[in-house]
Amino acid sequence: MIGWGLPVAFVVAAGVAQLFKGRHHGSRRAWARAADELGLDFEAGDDPRQRRIVGRIHGHEVTVRVLVLTRDGRREHNTVYELRFAEPLAFALTLRTEGLLSGIGKLVGLRDTEVGDPIFDAQVLVESEDPAALHQWLSAERRTHIRRFLMSHTQAHIDELGLRWVAPYLHDRPDVVAASVRNLVNAADQLAGRGAPPVPEVREPVAEEDVLRDPVAVADALFGPAHQGSDLSECFEADLADRPVAWHGILRKLEVVTVDYTFGDGPFTRATFELRRRGRDHRGTRTLSAVVRLPVEEGERLRQHVGQSMVIEGRLWAVDPFARSFFVAEGAVRAVGWT
């Protein structure tokens with residue numbers, strides 16, 4: 001047995017080494033393709049830690065690199081996306097999501113500047129030495145972009161120089177790398193205005209006619225013949241993204257998650273609701289569903305009510321046309337009509 005053990009160990013070790021070598025070369029090719037698609041420079045290097053995508057987009061300086069951390073004796077590869085604004089903000093600030101680390105920071109004297117927007121204040125930790133400039137700069141539109149960016153990106157923060165996001169794994173697909181860079185650039189374009197900051201906007205109550213109350217009508221409008229052959233994601237972003245909803249649904253599933261591909265960083269409760277049943281349409285589609293982001297404690301309260309009907313509210317975040325699912329952020333159970 002001893003005679004066989006060493007050769008087997010060597011074979012296994014060689015196989016593992018070859019596997020990691022193949023993954024390294026595969027991800028290197030993926031980064032090269034992403035850089036080419038974005039019009040940026042790619043620096044390969046023999047070690048993943050030497051790999052970089054660098055360049056400028058819309059005047060912003062962009063860097064993508066690999067960060068290797070060791071936890072419990074294991075090496076973890078993270079993907080770091082960094083962007084420096086073409087023109088830094090005129091005042092110092094730091095923006096990050098509210099969470100455990102934010103709570104610890106407050107205990108040791110970290111100051112959280114409230115801006116008067118209840119949703120924004122509950123989700124975003126703000127540090128600034130110039131509250132007057134901050135309030136002038138933080139328009140309602142900017143607050144929306146900041147919330148959406150921070151909620152969708154793990155370990156992200158924004159300051160007067162730019163944005164930084166550490167993805168807790170190695171991105172090894174060119175479309176994912178390119179899309180992540182574009183997300184940072186789009187956020188930067190929205191936040192780092194070249195001219196004078198806009199006049200602060202007053203957050204108006206949602207108009208009754210803006211609330212979407214019929215998910216079947218929304219599905220017909222989005223998935224119907226009028227949009228066949230078109231880019232559904234573009235149609236969704238143009239007409240439906242961030243629209244408020246108030247829908248009746250049957251609670252089917254509750255999950256507590258820490259990271260979600262659609263909603264981003266957690267922890268939070270992901271609740272799945274069955275919306276109105278209907279017959280099959282021209283695509284042979286199934287029942288509509290809504291996946292809703294709720295606070296963790298809300299999930300605990302609702303756990304005993306799985307299978308019951310209720311009213312859900314929130315804002316449309318994304319759509320999955322293949323699963324006939326809508327994703328609703330800022331979710332809440334406004335009123336429950338138990339059946």
# chains A, B, ... in the order shown; residues from 1 in each chain; ligands from 1
call {"tool": "select_by_dssp", "arguments": {"residues": "segment 71-144 of chain A", "states": "helix (DSSP H, G or I)", "output": "MDAnalysis selection string"}}
result
chainID A and resid 100:107 118:123 131:137 140:144
call {"tool": "write_last_selection", "arguments": {"atoms": "N, CA and C atoms", "output": "PDB file, in the first residue's frame"}}
result
ATOM      1  N   LEU A 100     -23.452  45.263   9.072  1.00  0.00           N
ATOM      2  CA  LEU A 100     -22.781  44.959  10.332  1.00  0.00           C
ATOM      3  C   LEU A 100     -21.562  45.837  10.538  1.00  0.00           C
ATOM      4  N   LEU A 101     -20.706  45.974   9.503  1.00  0.00           N
ATOM      5  CA  LEU A 101     -19.508  46.778   9.652  1.00  0.00           C
ATOM      6  C   LEU A 101     -19.852  48.236   9.894  1.00  0.00           C
ATOM      7  N   SER A 102     -20.936  48.716   9.263  1.00  0.00           N
ATOM      8  CA  SER A 102     -21.363  50.081   9.481  1.00  0.00           C
ATOM      9  C   SER A 102     -21.792  50.268  10.927  1.00  0.00           C
ATOM     10  N   GLY A 103     -22.526  49.273  11.447  1.00  0.00           N
ATOM     11  CA  GLY A 103     -22.964  49.365  12.840  1.00  0.00           C
ATOM     12  C   GLY A 103     -21.797  49.399  13.797  1.00  0.00           C
ATOM     13  N   ILE A 104     -20.758  48.580  13.534  1.00  0.00           N
ATOM     14  CA  ILE A 104     -19.571  48.607  14.374  1.00  0.00           C
ATOM     15  C   ILE A 104     -18.887  49.963  14.278  1.00  0.00           C
ATOM     16  N   GLY A 105     -18.854  50.514  13.054  1.00  0.00           N
ATOM     17  CA  GLY A 105     -18.235  51.821  12.874  1.00  0.00           C
ATOM     18  C   GLY A 105     -18.918  52.903  13.686  1.00  0.00           C
ATOM     19  N   LYS A 106     -20.252  52.850  13.754  1.00  0.00           N
ATOM     20  CA  LYS A 106     -20.977  53.846  14.535  1.00  0.00           C
ATOM     21  C   LYS A 106     -20.642  53.728  16.014  1.00  0.00           C
ATOM     22  N   LEU A 107     -20.432  52.496  16.489  1.00  0.00           N
ATOM     23  CA  LEU A 107     -20.111  52.300  17.901  1.00  0.00           C
ATOM     24  C   LEU A 107     -18.773  52.921  18.264  1.00  0.00           C
ATOM     25  N   PRO A 118     -35.813  58.588   3.904  1.00  0.00           N
ATOM     26  CA  PRO A 118     -35.854  57.427   4.803  1.00  0.00           C
ATOM     27  C   PRO A 118     -35.278  56.165   4.195  1.00  0.00           C
ATOM     28  N   ILE A 119     -35.589  55.883   2.922  1.00  0.00           N
ATOM     29  CA  ILE A 119     -35.090  54.661   2.280  1.00  0.00           C
ATOM     30  C   ILE A 119     -33.581  54.740   2.105  1.00  0.00           C
ATOM     31  N   PHE A 120     -33.091  55.872   1.623  1.00  0.00           N
ATOM     32  CA  PHE A 120     -31.658  56.052   1.412  1.00  0.00           C
ATOM     33  C   PHE A 120     -30.905  55.999   2.739  1.00  0.00           C
ATOM     34  N   ASP A 121     -31.426  56.691   3.740  1.00  0.00           N
ATOM     35  CA  ASP A 121     -30.751  56.725   5.040  1.00  0.00           C
ATOM     36  C   ASP A 121     -30.687  55.351   5.689  1.00  0.00           C
ATOM     37  N   ALA A 122     -31.696  54.507   5.428  1.00  0.00           N
ATOM     38  CA  ALA A 122     -31.718  53.169   6.019  1.00  0.00           C
ATOM     39  C   ALA A 122     -30.743  52.222   5.327  1.00  0.00           C
ATOM     40  N   GLN A 123     -30.391  52.498   4.068  1.00  0.00           N
ATOM     41  CA  GLN A 123     -29.593  51.552   3.288  1.00  0.00           C
ATOM     42  C   GLN A 123     -28.168  51.999   3.031  1.00  0.00           C
ATOM     43  N   PRO A 131     -21.752  68.801   5.024  1.00  0.00           N
ATOM     44  CA  PRO A 131     -23.163  68.423   4.824  1.00  0.00           C
ATOM     45  C   PRO A 131     -23.891  69.304   3.823  1.00  0.00           C
ATOM     46  N   ALA A 132     -23.549  70.589   3.773  1.00  0.00           N
ATOM     47  CA  ALA A 132     -24.245  71.489   2.844  1.00  0.00           C
ATOM     48  C   ALA A 132     -23.970  71.093   1.397  1.00  0.00           C
ATOM     49  N   ALA A 133     -22.693  70.852   1.076  1.00  0.00           N
ATOM     50  CA  ALA A 133     -22.347  70.423  -0.285  1.00  0.00           C
ATOM     51  C   ALA A 133     -22.935  69.048  -0.583  1.00  0.00           C
ATOM     52  N   LEU A 134     -22.938  68.180   0.429  1.00  0.00           N
ATOM     53  CA  LEU A 134     -23.496  66.845   0.255  1.00  0.00           C
ATOM     54  C   LEU A 134     -24.969  66.913  -0.125  1.00  0.00           C
ATOM     55  N   HIS A 135     -25.754  67.705   0.609  1.00  0.00           N
ATOM     56  CA  HIS A 135     -27.187  67.799   0.338  1.00  0.00           C
ATOM     57  C   HIS A 135     -27.462  68.413  -1.032  1.00  0.00           C
ATOM     58  N   GLN A 136     -26.616  69.338  -1.467  1.00  0.00           N
ATOM     59  CA  GLN A 136     -26.800  69.925  -2.790  1.00  0.00           C
ATOM     60  C   GLN A 136     -26.511  68.907  -3.886  1.00  0.00           C
ATOM     61  N   TRP A 137     -25.488  68.080  -3.651  1.00  0.00           N
ATOM     62  CA  TRP A 137     -25.077  67.098  -4.664  1.00  0.00           C
ATOM     63  C   TRP A 137     -26.000  65.897  -4.716  1.00  0.00           C
ATOM     64  N   ALA A 140     -32.315  63.449  -5.902  1.00  0.00           N
ATOM     65  CA  ALA A 140     -33.104  62.216  -5.837  1.00  0.00           C
ATOM     66  C   ALA A 140     -32.610  61.194  -6.854  1.00  0.00           C
ATOM     67  N   GLU A 141     -32.233  61.676  -8.050  1.00  0.00           N
ATOM     68  CA  GLU A 141     -31.748  60.760  -9.082  1.00  0.00           C
ATOM     69  C   GLU A 141     -30.427  60.128  -8.664  1.00  0.00           C
ATOM     70  N   ARG A 142     -29.526  60.934  -8.089  1.00  0.00           N
ATOM     71  CA  ARG A 142     -28.249  60.383  -7.640  1.00  0.00           C
ATOM     72  C   ARG A 142     -28.455  59.399  -6.498  1.00  0.00           C
ATOM     73  N   ARG A 143     -29.371  59.692  -5.584  1.00  0.00           N
ATOM     74  CA  ARG A 143     -29.621  58.767  -4.482  1.00  0.00           C
ATOM     75  C   ARG A 143     -30.088  57.421  -5.014  1.00  0.00           C
ATOM     76  N   THR A 144     -30.930  57.435  -6.037  1.00  0.00           N
ATOM     77  CA  THR A 144     -31.407  56.183  -6.631  1.00  0.00           C
ATOM     78  C   THR A 144     -30.253  55.399  -7.247  1.00  0.00           C
TER      79      THR A 144
END
call {"tool": "closest_residue", "arguments": {"among": "A:Leu294, A:Val66, A:Met310, A:Ala92", "to": "His171 of chain A", "atoms": "only C-alpha atoms"}}
result
A:Val66
call {"tool": "closest_residue", "arguments": {"among": "A:Asp172, A:Asp159, A:Asp47, A:Asp36", "to": "Leu95 of chain A", "atoms": "only C-alpha atoms"}}
result
A:Asp159
call {"tool": "select_by_dssp", "arguments": {"residues": "segment 134-275 of chain A", "states": "strand (DSSP E)", "output": "PyMOL selection string"}}
result
chain A and resi 156-159+162-167+244-260+264-274
call {"tool": "residues_around", "arguments": {"residues": "Ala187 of chain A", "least_positions_apart": "2", "cutoff": "8 Å", "atoms": "only C-alpha atoms", "output": "short mmCIF file (atom, residue, chain, number, x, y, z; two decimals) with N, CA and C atoms, in the first residue's frame"}}
result
data_model
loop_
_atom_site.label_atom_id
_atom_site.label_comp_id
_atom_site.auth_asym_id
_atom_site.auth_seq_id
_atom_site.Cartn_x
_atom_site.Cartn_y
_atom_site.Cartn_z
N HIS A 145 -29.39 56.08 -8.01
CA HIS A 145 -28.26 55.39 -8.64
C HIS A 145 -27.31 54.83 -7.58
N ILE A 146 -27.07 55.58 -6.52
CA ILE A 146 -26.16 55.11 -5.47
C ILE A 146 -26.73 53.87 -4.79
N PHE A 149 -26.51 50.82 -7.11
CA PHE A 149 -25.14 50.34 -7.28
C PHE A 149 -24.65 49.62 -6.03
N ASN A 183 -20.86 48.65 -15.61
CA ASN A 183 -21.66 49.08 -14.47
C ASN A 183 -20.96 50.18 -13.69
N LEU A 184 -19.64 50.03 -13.47
CA LEU A 184 -18.90 51.06 -12.76
C LEU A 184 -18.87 52.37 -13.55
N VAL A 185 -18.66 52.27 -14.86
CA VAL A 185 -18.59 53.47 -15.68
C VAL A 185 -19.94 54.18 -15.71
N ASP A 189 -20.60 57.93 -14.43
CA ASP A 189 -21.18 58.98 -15.27
C ASP A 189 -22.36 59.64 -14.57
N GLN A 190 -23.14 58.87 -13.83
CA GLN A 190 -24.29 59.42 -13.13
C GLN A 190 -23.89 60.25 -11.91
N LEU A 191 -22.79 59.88 -11.28
CA LEU A 191 -22.42 60.50 -10.01
C LEU A 191 -21.44 61.66 -10.15
#
call {"tool": "closest_atom_pairs", "arguments": {"of": "segment 248-274 of chain A", "to": "segment 166-169 of chain A", "cutoff": "12 Å", "atoms": "only C-alpha atoms", "output": "Markdown table"}}
result
| residue | atom | partner | partner_atom | distance |
| --- | --- | --- | --- | --- |
| A:Thr258 | CA | A:Pro168 | CA | 11.9 |
| A:Val259 | CA | A:Pro168 | CA | 9.8 |
| A:Tyr261 | CA | A:Ala167 | CA | 11.5 |
| A:Gly264 | CA | A:Ala167 | CA | 10.4 |
| A:Asp265 | CA | A:Ala167 | CA | 10.2 |
call {"tool": "write_last_selection", "arguments": {"atoms": "C-alpha atoms", "output": "JSON list (two decimals), in the first residue's frame"}}
result
[["chain", "number", "residue", "atom", "x", "y", "z"],
["A", 258, "THR", "CA", -26.05, 36.52, 1.78],
["A", 259, "VAL", "CA", -25.20, 37.09, -1.89],
["A", 261, "TYR", "CA", -26.79, 37.24, -8.52],
["A", 264, "GLY", "CA", -26.43, 41.63, -4.83],
["A", 265, "ASP", "CA", -25.12, 41.74, -1.27]]
call {"tool": "atom_distance", "arguments": {"atom1": "atom CA of Gly314 of chain A", "atom2": "atom CA of Ala271 of chain A"}}
result
12.4 Å
call {"tool": "residues_around", "arguments": {"residues": "Glu313 of chain A", "least_positions_apart": "4", "cutoff": "6 Å", "atoms": "only C-alpha atoms", "output": "PDB file with N, CA and C atoms, in the first residue's frame"}}
result
ATOM      1  N   VAL A 245     -44.694  48.766  -7.544  1.00  0.00           N
ATOM      2  CA  VAL A 245     -45.718  47.758  -7.784  1.00  0.00           C
ATOM      3  C   VAL A 245     -46.503  47.524  -6.502  1.00  0.00           C
ATOM      4  N   ALA A 246     -47.735  47.063  -6.656  1.00  0.00           N
ATOM      5  CA  ALA A 246     -48.584  46.606  -5.543  1.00  0.00           C
ATOM      6  C   ALA A 246     -49.375  45.429  -6.081  1.00  0.00           C
ATOM      7  N   GLY A 331     -38.748  45.472  -1.027  1.00  0.00           N
ATOM      8  CA  GLY A 331     -40.025  44.808  -0.829  1.00  0.00           C
ATOM      9  C   GLY A 331     -40.563  44.958   0.593  1.00  0.00           C
ATOM     10  N   ALA A 332     -41.866  44.886   0.702  1.00  0.00           N
ATOM     11  CA  ALA A 332     -42.538  44.941   1.993  1.00  0.00           C
ATOM     12  C   ALA A 332     -43.936  44.317   1.833  1.00  0.00           C
TER      13      ALA A 332
END
call {"tool": "closest_residue", "arguments": {"among": "A:Arg164, A:Arg84, A:Arg303, A:Arg182", "to": "Lys253 of chain A", "atoms": "only C-alpha atoms"}}
result
A:Arg303
call {"tool": "atom_distance", "arguments": {"atom1": "atom CA of Gly59 of chain A", "atom2": "atom CA of Ala86 of chain A"}}
result
4.9 Å
call {"tool": "closest_residue", "arguments": {"among": "A:Ser233, A:Thr63, A:Thr94, A:Thr113", "to": "Glu160 of chain A", "atoms": "only C-alpha atoms"}}
result
A:Thr94
call {"tool": "residues_around", "arguments": {"residues": "Leu67 of chain A", "least_positions_apart": "3", "cutoff": "9 Å", "atoms": "only C-alpha atoms", "output": "ChimeraX atom specification"}}
result
/A:48-49,76-80,166,170
call {"tool": "write_last_selection", "arguments": {"atoms": "C-alpha atoms", "output": "short mmCIF file (atom, residue, chain, number, x, y, z; two decimals), in the first residue's frame"}}
result
data_model
loop_
_atom_site.label_atom_id
_atom_site.label_comp_id
_atom_site.auth_asym_id
_atom_site.auth_seq_id
_atom_site.Cartn_x
_atom_site.Cartn_y
_atom_site.Cartn_z
CA PRO A 48 -2.90 35.84 -11.63
CA ARG A 49 -1.88 38.59 -9.20
CA GLU A 76 -9.14 32.85 -2.29
CA HIS A 77 -9.07 34.80 -5.54
CA ASN A 78 -11.10 38.02 -5.62
CA THR A 79 -11.69 40.36 -8.54
CA VAL A 80 -11.14 44.04 -7.77
CA VAL A 166 -14.29 43.68 -4.59
CA LEU A 170 -12.50 35.24 -9.64
#
